[in-house]
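Raw contents of my_file_31.cif, mmCIF, C-alpha atoms:
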```
data_target
loop_
_atom_site.label_atom_id
_atom_site.label_comp_id
_atom_site.auth_asym_id
_atom_site.auth_seq_id
_atom_site.Cartn_x
_atom_site.Cartn_y
_atom_site.Cartn_z
CA MET A 10 28.46 -24.90 21.18
CA GLU A 11 30.00 -21.97 22.92
CA GLY A 12 32.00 -19.43 20.87
CA GLY A 13 35.25 -20.02 22.79
CA GLU A 14 35.61 -23.67 21.84
CA ASN A 15 38.29 -24.73 19.40
CA ARG A 16 36.24 -25.84 16.42
CA PHE A 17 35.71 -25.34 12.72
CA GLY A 18 33.58 -22.50 11.44
CA PHE A 19 30.02 -22.89 12.64
CA LEU A 20 27.37 -21.82 10.13
CA THR A 21 24.20 -20.38 11.63
CA PHE A 22 21.21 -19.11 9.71
CA LEU A 23 19.47 -16.16 11.35
CA PHE A 24 16.18 -14.91 10.02
CA ARG A 25 13.02 -13.24 11.07
CA MET A 26 9.76 -14.65 9.81
CA ARG A 27 8.23 -11.52 8.34
CA LYS A 28 7.78 -9.66 5.08
CA ARG A 29 10.84 -7.48 4.52
CA ASP A 30 8.96 -4.35 3.46
CA ASP A 31 7.04 -4.25 6.73
CA LEU A 32 10.04 -4.43 9.09
CA GLY A 33 9.32 -1.18 10.89
CA ALA A 34 5.67 -2.03 11.53
CA LEU A 35 6.22 -5.42 13.16
CA PRO A 36 5.99 -5.95 16.88
CA GLY A 37 9.05 -7.67 18.29
CA ILE A 38 11.63 -5.75 16.32
CA ILE A 39 12.39 -3.43 19.22
CA ASP A 40 12.62 -6.02 21.98
CA ALA A 41 14.68 -8.44 19.82
CA THR A 42 17.13 -5.81 18.53
CA ASP A 43 19.70 -6.19 21.33
CA ASP A 44 19.92 -9.95 20.77
CA GLY A 45 20.34 -9.46 17.03
CA LEU A 46 23.11 -6.92 17.57
CA ALA A 47 24.95 -9.21 20.01
CA PHE A 48 24.71 -12.06 17.50
CA PHE A 49 26.28 -9.96 14.73
CA GLN A 50 28.95 -8.56 17.08
CA LYS A 51 29.98 -12.09 18.04
CA ALA A 52 30.23 -13.30 14.43
CA ASP A 53 33.62 -13.90 12.85
CA ALA A 54 32.16 -13.79 9.34
CA ILE A 55 28.91 -13.07 7.50
CA LEU A 56 27.90 -15.21 4.52
CA MET A 57 25.18 -13.85 2.25
CA GLY A 58 23.57 -14.31 -1.12
CA ARG A 59 23.64 -11.72 -3.89
CA VAL A 60 20.23 -10.17 -3.19
CA THR A 61 20.96 -9.75 0.52
CA TYR A 62 24.38 -8.32 -0.36
CA GLU A 63 22.85 -5.74 -2.69
CA GLY A 64 20.45 -4.56 0.01
CA PHE A 65 23.01 -4.52 2.81
CA ALA A 66 25.83 -2.94 0.75
CA SER A 67 23.61 -0.05 -0.28
CA TYR A 68 22.86 0.76 3.37
CA TRP A 69 25.33 -0.39 6.06
CA PRO A 70 28.61 1.14 4.81
CA PHE A 71 27.04 4.56 5.13
CA GLN A 72 25.72 4.19 8.68
CA GLU A 73 27.29 4.79 12.10
CA GLY A 74 26.87 3.15 15.48
CA ASP A 75 27.05 -0.33 16.99
CA TRP A 76 25.02 -2.04 14.27
CA ALA A 77 27.04 -0.39 11.52
CA ASP A 78 30.31 -1.40 13.20
CA ALA A 79 29.13 -5.01 13.46
CA MET A 80 28.10 -5.10 9.81
CA ASN A 81 30.99 -3.10 8.37
CA LYS A 82 33.99 -4.44 10.29
CA THR A 83 33.11 -8.15 10.15
CA GLN A 84 34.51 -10.20 7.26
CA LYS A 85 31.80 -10.79 4.65
CA PHE A 86 31.48 -13.38 1.88
CA VAL A 87 29.00 -12.97 -0.98
CA VAL A 88 27.82 -16.13 -2.73
CA THR A 89 26.41 -15.99 -6.24
CA ASN A 90 25.88 -18.07 -9.34
CA ASN A 91 25.19 -14.88 -11.30
CA SER A 92 28.05 -14.47 -13.77
CA GLU A 93 27.26 -10.75 -14.13
CA LEU A 94 28.46 -10.04 -10.59
CA THR A 95 32.25 -9.95 -10.90
CA GLU A 96 33.21 -7.81 -7.92
CA VAL A 97 31.73 -6.75 -4.61
CA GLN A 98 32.20 -3.53 -2.68
CA TRP A 99 31.34 -2.39 0.83
CA GLY A 100 31.89 1.36 0.87
CA ASP A 101 35.25 2.23 2.44
CA TYR A 102 35.54 -1.26 3.98
CA THR A 103 37.08 -2.89 0.90
CA ASP A 104 39.18 -5.37 2.88
CA THR A 105 36.12 -6.91 4.60
CA ILE A 106 34.30 -8.39 1.60
CA THR A 107 35.00 -11.30 -0.75
CA LEU A 108 33.05 -12.71 -3.69
CA LEU A 109 32.56 -16.49 -3.90
CA HIS A 110 31.39 -17.83 -7.25
CA SER A 111 31.70 -21.13 -9.11
CA ASP A 112 31.83 -24.27 -7.00
CA VAL A 113 30.60 -22.24 -4.02
CA MET A 114 29.67 -25.15 -1.74
CA THR A 115 33.27 -26.45 -1.91
CA LYS A 116 34.52 -22.94 -1.15
CA ILE A 117 32.15 -22.62 1.81
CA LYS A 118 33.30 -26.00 3.13
CA GLU A 119 36.91 -24.73 2.93
CA LEU A 120 35.86 -21.46 4.57
CA LYS A 121 34.45 -23.39 7.53
CA THR A 122 37.89 -24.94 8.11
CA GLN A 123 39.63 -21.56 7.92
CA ILE A 124 37.32 -19.57 10.19
CA LYS A 125 37.32 -20.94 13.73
CA GLY A 126 34.37 -18.96 15.07
CA ASP A 127 30.81 -18.21 14.03
CA ILE A 128 29.77 -17.63 10.44
CA ILE A 129 26.25 -16.28 10.18
CA VAL A 130 23.87 -16.20 7.23
CA PRO A 131 21.27 -13.44 7.41
CA ALA A 132 18.23 -13.93 5.12
CA SER A 133 19.47 -15.43 1.78
CA ALA A 134 16.76 -18.11 1.40
CA GLY A 135 18.24 -19.77 -1.70
CA LEU A 136 21.70 -19.92 -0.16
CA VAL A 137 20.30 -21.42 3.05
CA GLN A 138 18.49 -24.13 1.11
CA ASN A 139 21.71 -24.97 -0.76
CA LEU A 140 23.69 -25.04 2.51
CA ILE A 141 21.19 -27.41 4.11
CA ASN A 142 21.18 -29.65 1.02
CA ALA A 143 25.01 -29.72 1.11
CA ASP A 144 24.93 -30.56 4.86
CA LEU A 145 26.90 -27.39 5.65
CA LEU A 146 24.46 -25.49 7.89
CA ASP A 147 24.85 -26.23 11.60
CA GLU A 148 22.17 -24.13 13.32
CA LEU A 149 18.95 -22.24 12.74
CA ARG A 150 17.96 -19.22 14.79
CA MET A 151 14.64 -17.73 13.93
CA ILE A 152 12.46 -15.05 15.42
CA ILE A 153 8.77 -15.51 14.83
CA HIS A 154 6.70 -12.35 15.07
CA PRO A 155 2.99 -12.56 15.95
CA VAL A 156 1.79 -11.22 12.59
CA LEU A 157 0.12 -13.06 9.70
CA MET A 158 1.20 -11.40 6.47
CA GLY A 159 -0.39 -13.63 3.85
CA SER A 160 2.79 -13.69 1.75
CA GLY A 161 6.54 -14.06 1.95
CA LYS A 162 9.43 -16.36 1.12
CA PHE A 163 9.52 -20.10 1.69
CA TYR A 164 12.88 -20.56 3.39
CA PHE A 165 12.74 -24.35 3.36
CA ASP A 166 10.97 -24.94 0.06
CA ASN A 167 13.68 -26.91 -1.78
CA ILE A 168 15.19 -29.04 0.98
CA GLN A 169 16.04 -32.40 -0.57
CA THR A 170 16.63 -34.51 2.54
CA ARG A 171 15.20 -34.78 6.02
CA HIS A 172 17.09 -33.04 8.85
CA ASP A 173 15.92 -33.47 12.43
CA LEU A 174 16.22 -30.32 14.52
CA LYS A 175 17.28 -30.31 18.17
CA LEU A 176 15.92 -27.41 20.17
CA ILE A 177 18.79 -25.66 21.97
CA GLU A 178 17.10 -22.56 23.32
CA THR A 179 13.93 -20.48 23.21
CA LYS A 180 13.41 -16.90 24.20
CA LEU A 181 10.11 -15.09 24.52
CA TYR A 182 10.06 -11.35 23.96
CA GLY A 183 7.35 -10.38 26.41
CA LYS A 184 6.63 -6.91 25.12
CA SER A 185 5.78 -8.11 21.62
CA GLY A 186 4.99 -11.79 22.00
CA SER A 187 7.73 -12.66 19.49
CA ILE A 188 9.75 -15.80 20.14
CA GLN A 189 13.27 -16.81 19.19
CA LEU A 190 13.88 -20.48 18.44
CA HIS A 191 17.44 -21.83 18.29
CA TYR A 192 17.95 -25.28 16.75
CA GLU A 193 20.88 -27.53 15.97
CA ILE A 194 20.47 -29.14 12.53
CA GLY A 195 20.99 -32.89 12.36
CA GLU A 196 22.71 -34.69 9.52
CA ALA A 197 20.80 -35.45 6.33
CA GLN A 198 18.58 -38.53 6.38
CA GLU A 199 16.46 -40.28 3.81
CA LYS A 200 12.94 -38.82 3.58
#
```
As structure tokens - that is how I would like this structure written.
Amino acid sequence: MEGGENRFGFLTFLFRMRKRDDLGALPGIIDATDDGLAFFQKADAILMGRVTYEGFASYWPFQEGDWADAMNKTQKFVVTNNSELTEVQWGDYTDTITLLHSDVMTKIKELKTQIKGDIIVPASAGLVQNLINADLLDELRMIIHPVLMGSGKFYFDNIQTRHDLKLIETKLYGKSGSIQLHYEIGEAQEK
């Protein structure tokens, strides 16, 4: 779907298959950066889990430039089941962040009717699994880097139903050999 269409919020999960601590050492980061920036600049909202929020909020509000503008000025929603997190902050950008807790899948479903453009979910493996299980995630975009790490998160470990994926687009990053895969997620089916 193109961003200009009149539609409900469209939830897309964007992730890079890599170990977080080794981000700077991976090939493909440099030649995929422009696409990642354009994706965040186009987003109408960012939905993230608590752990991703904690990492992002400690970094992005204090940066400058195109990436910082995309992260700081876009409306953000933090999802948590952790009762200890009672408020969220994003530096001086206090009007761009909202905490969603208790009955979060219902709130996300409502959010999709309120936001007419793209809502992206960076990282947040547990949240992504819950979104897929609730049939709320519309697309997957992933960048696979040509590195075997031997460890990392299982992003699709707790998926309860089968979802067929329809390939929408691929992009090869020639300098690094990384590849971006863009899929539409089908409705839940019996396994």
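A straight line drawn from CA of Glu148 (chain A) to CA of Asn91 (chain A) is 26.5 Å long.
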Find the nearest atom pair between each residue of region 105-188 of chain A and region 67-84 of chain A for residues within 10 Å, count only C-alpha atoms, give distances in Å to one decimal, sort rows by chain and ascending number, and present the table as JSON lines.
```
{"residue": "A:Thr105", "atom": "CA", "partner": "A:Gln84", "partner_atom": "CA", "distance": 4.5}
{"residue": "A:Ile106", "atom": "CA", "partner": "A:Gln84", "partner_atom": "CA", "distance": 5.9}
{"residue": "A:Thr107", "atom": "CA", "partner": "A:Gln84", "partner_atom": "CA", "distance": 8.1}
{"residue": "A:Ile128", "atom": "CA", "partner": "A:Gln84", "partner_atom": "CA", "distance": 9.4}
```
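On the file presented, the PyMOL selection byres ((chain A and resi 54) around 9) picks out Phe49, Ala52, Asp53, Ile55, Leu56, Thr83, Gln84, Lys85, Phe86, Ile124, Gly126, Asp127, Ile128, Ile129 and Val130 of chain A.
What separates CA of Phe165 (chain A) from CA of Val137 (chain A) is a distance of 8.1 Å.
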Inset, instruction - Can you work out the spacing between CA of Met114 (chain A) and CA of Arg59 (chain A) in Å, to one decimal? - result: 14.9 Å
Inset, instruction - Apply the PyMOL selection byres ((chain A and resi 179) around 6) to the file shown and report the selected residues as a ChimeraX atom specification. - result: /A:178,180,189-190
Output C-alpha atoms for every residue in the selection just made, as a PDB file, keeping the file's coordinate frame.
```
ATOM      1  CA  GLU A 178      17.100 -22.560  23.320  1.00  0.00           C
ATOM      2  CA  LYS A 180      13.410 -16.900  24.200  1.00  0.00           C
ATOM      3  CA  GLN A 189      13.270 -16.810  19.190  1.00  0.00           C
ATOM      4  CA  LEU A 190      13.880 -20.480  18.440  1.00  0.00           C
TER       5      LEU A 190
END
```
Legend entry - Within 6 Å of His172 (chain A) using all atoms listed in the file, minus same-chain residues under 5 positions, as a list in words: Gly195, Glu196 and Ala197 of chain A
With C-alpha atoms kept, could you save the residues just selected as a PDB file, in the coordinates of the input?
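Done, and the output landed in selection_22.pdb:
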```
ATOM      1  CA  GLY A 195      20.990 -32.890  12.360  1.00  0.00           C
ATOM      2  CA  GLU A 196      22.710 -34.690   9.520  1.00  0.00           C
ATOM      3  CA  ALA A 197      20.800 -35.450   6.330  1.00  0.00           C
TER       4      ALA A 197
END
```
Inset, instruction - Write out as a VMD selection string the residues lying within 9 Å of Leu136 (chain A), counting only C-alpha atoms and excluding same-chain residues fewer than 5 positions away. - result: chain A and resid 57 to 58 88 to 89 130 141
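Here the PyMOL selection byres ((chain A and resi 186) around 10) captures the residues Pro36, Gly37, Asp40, Ile153, His154, Pro155, Val156, Leu181, Tyr182, Gly183, Lys184, Ser185, Ser187 and Ile188 of chain A.
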Inset, instruction - Determine the nearest neighbour of Leu140 (chain A) from the options A:Leu157, A:Leu176, A:Leu94, A:Ile168, counting only C-alpha atoms. - result: A:Ile168
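Using only C-alpha atoms, the smallest distance between any of A:Val60, A:Lys116, A:Met158, A:Asp144 and Arg171 (chain A) comes from A:Asp144.
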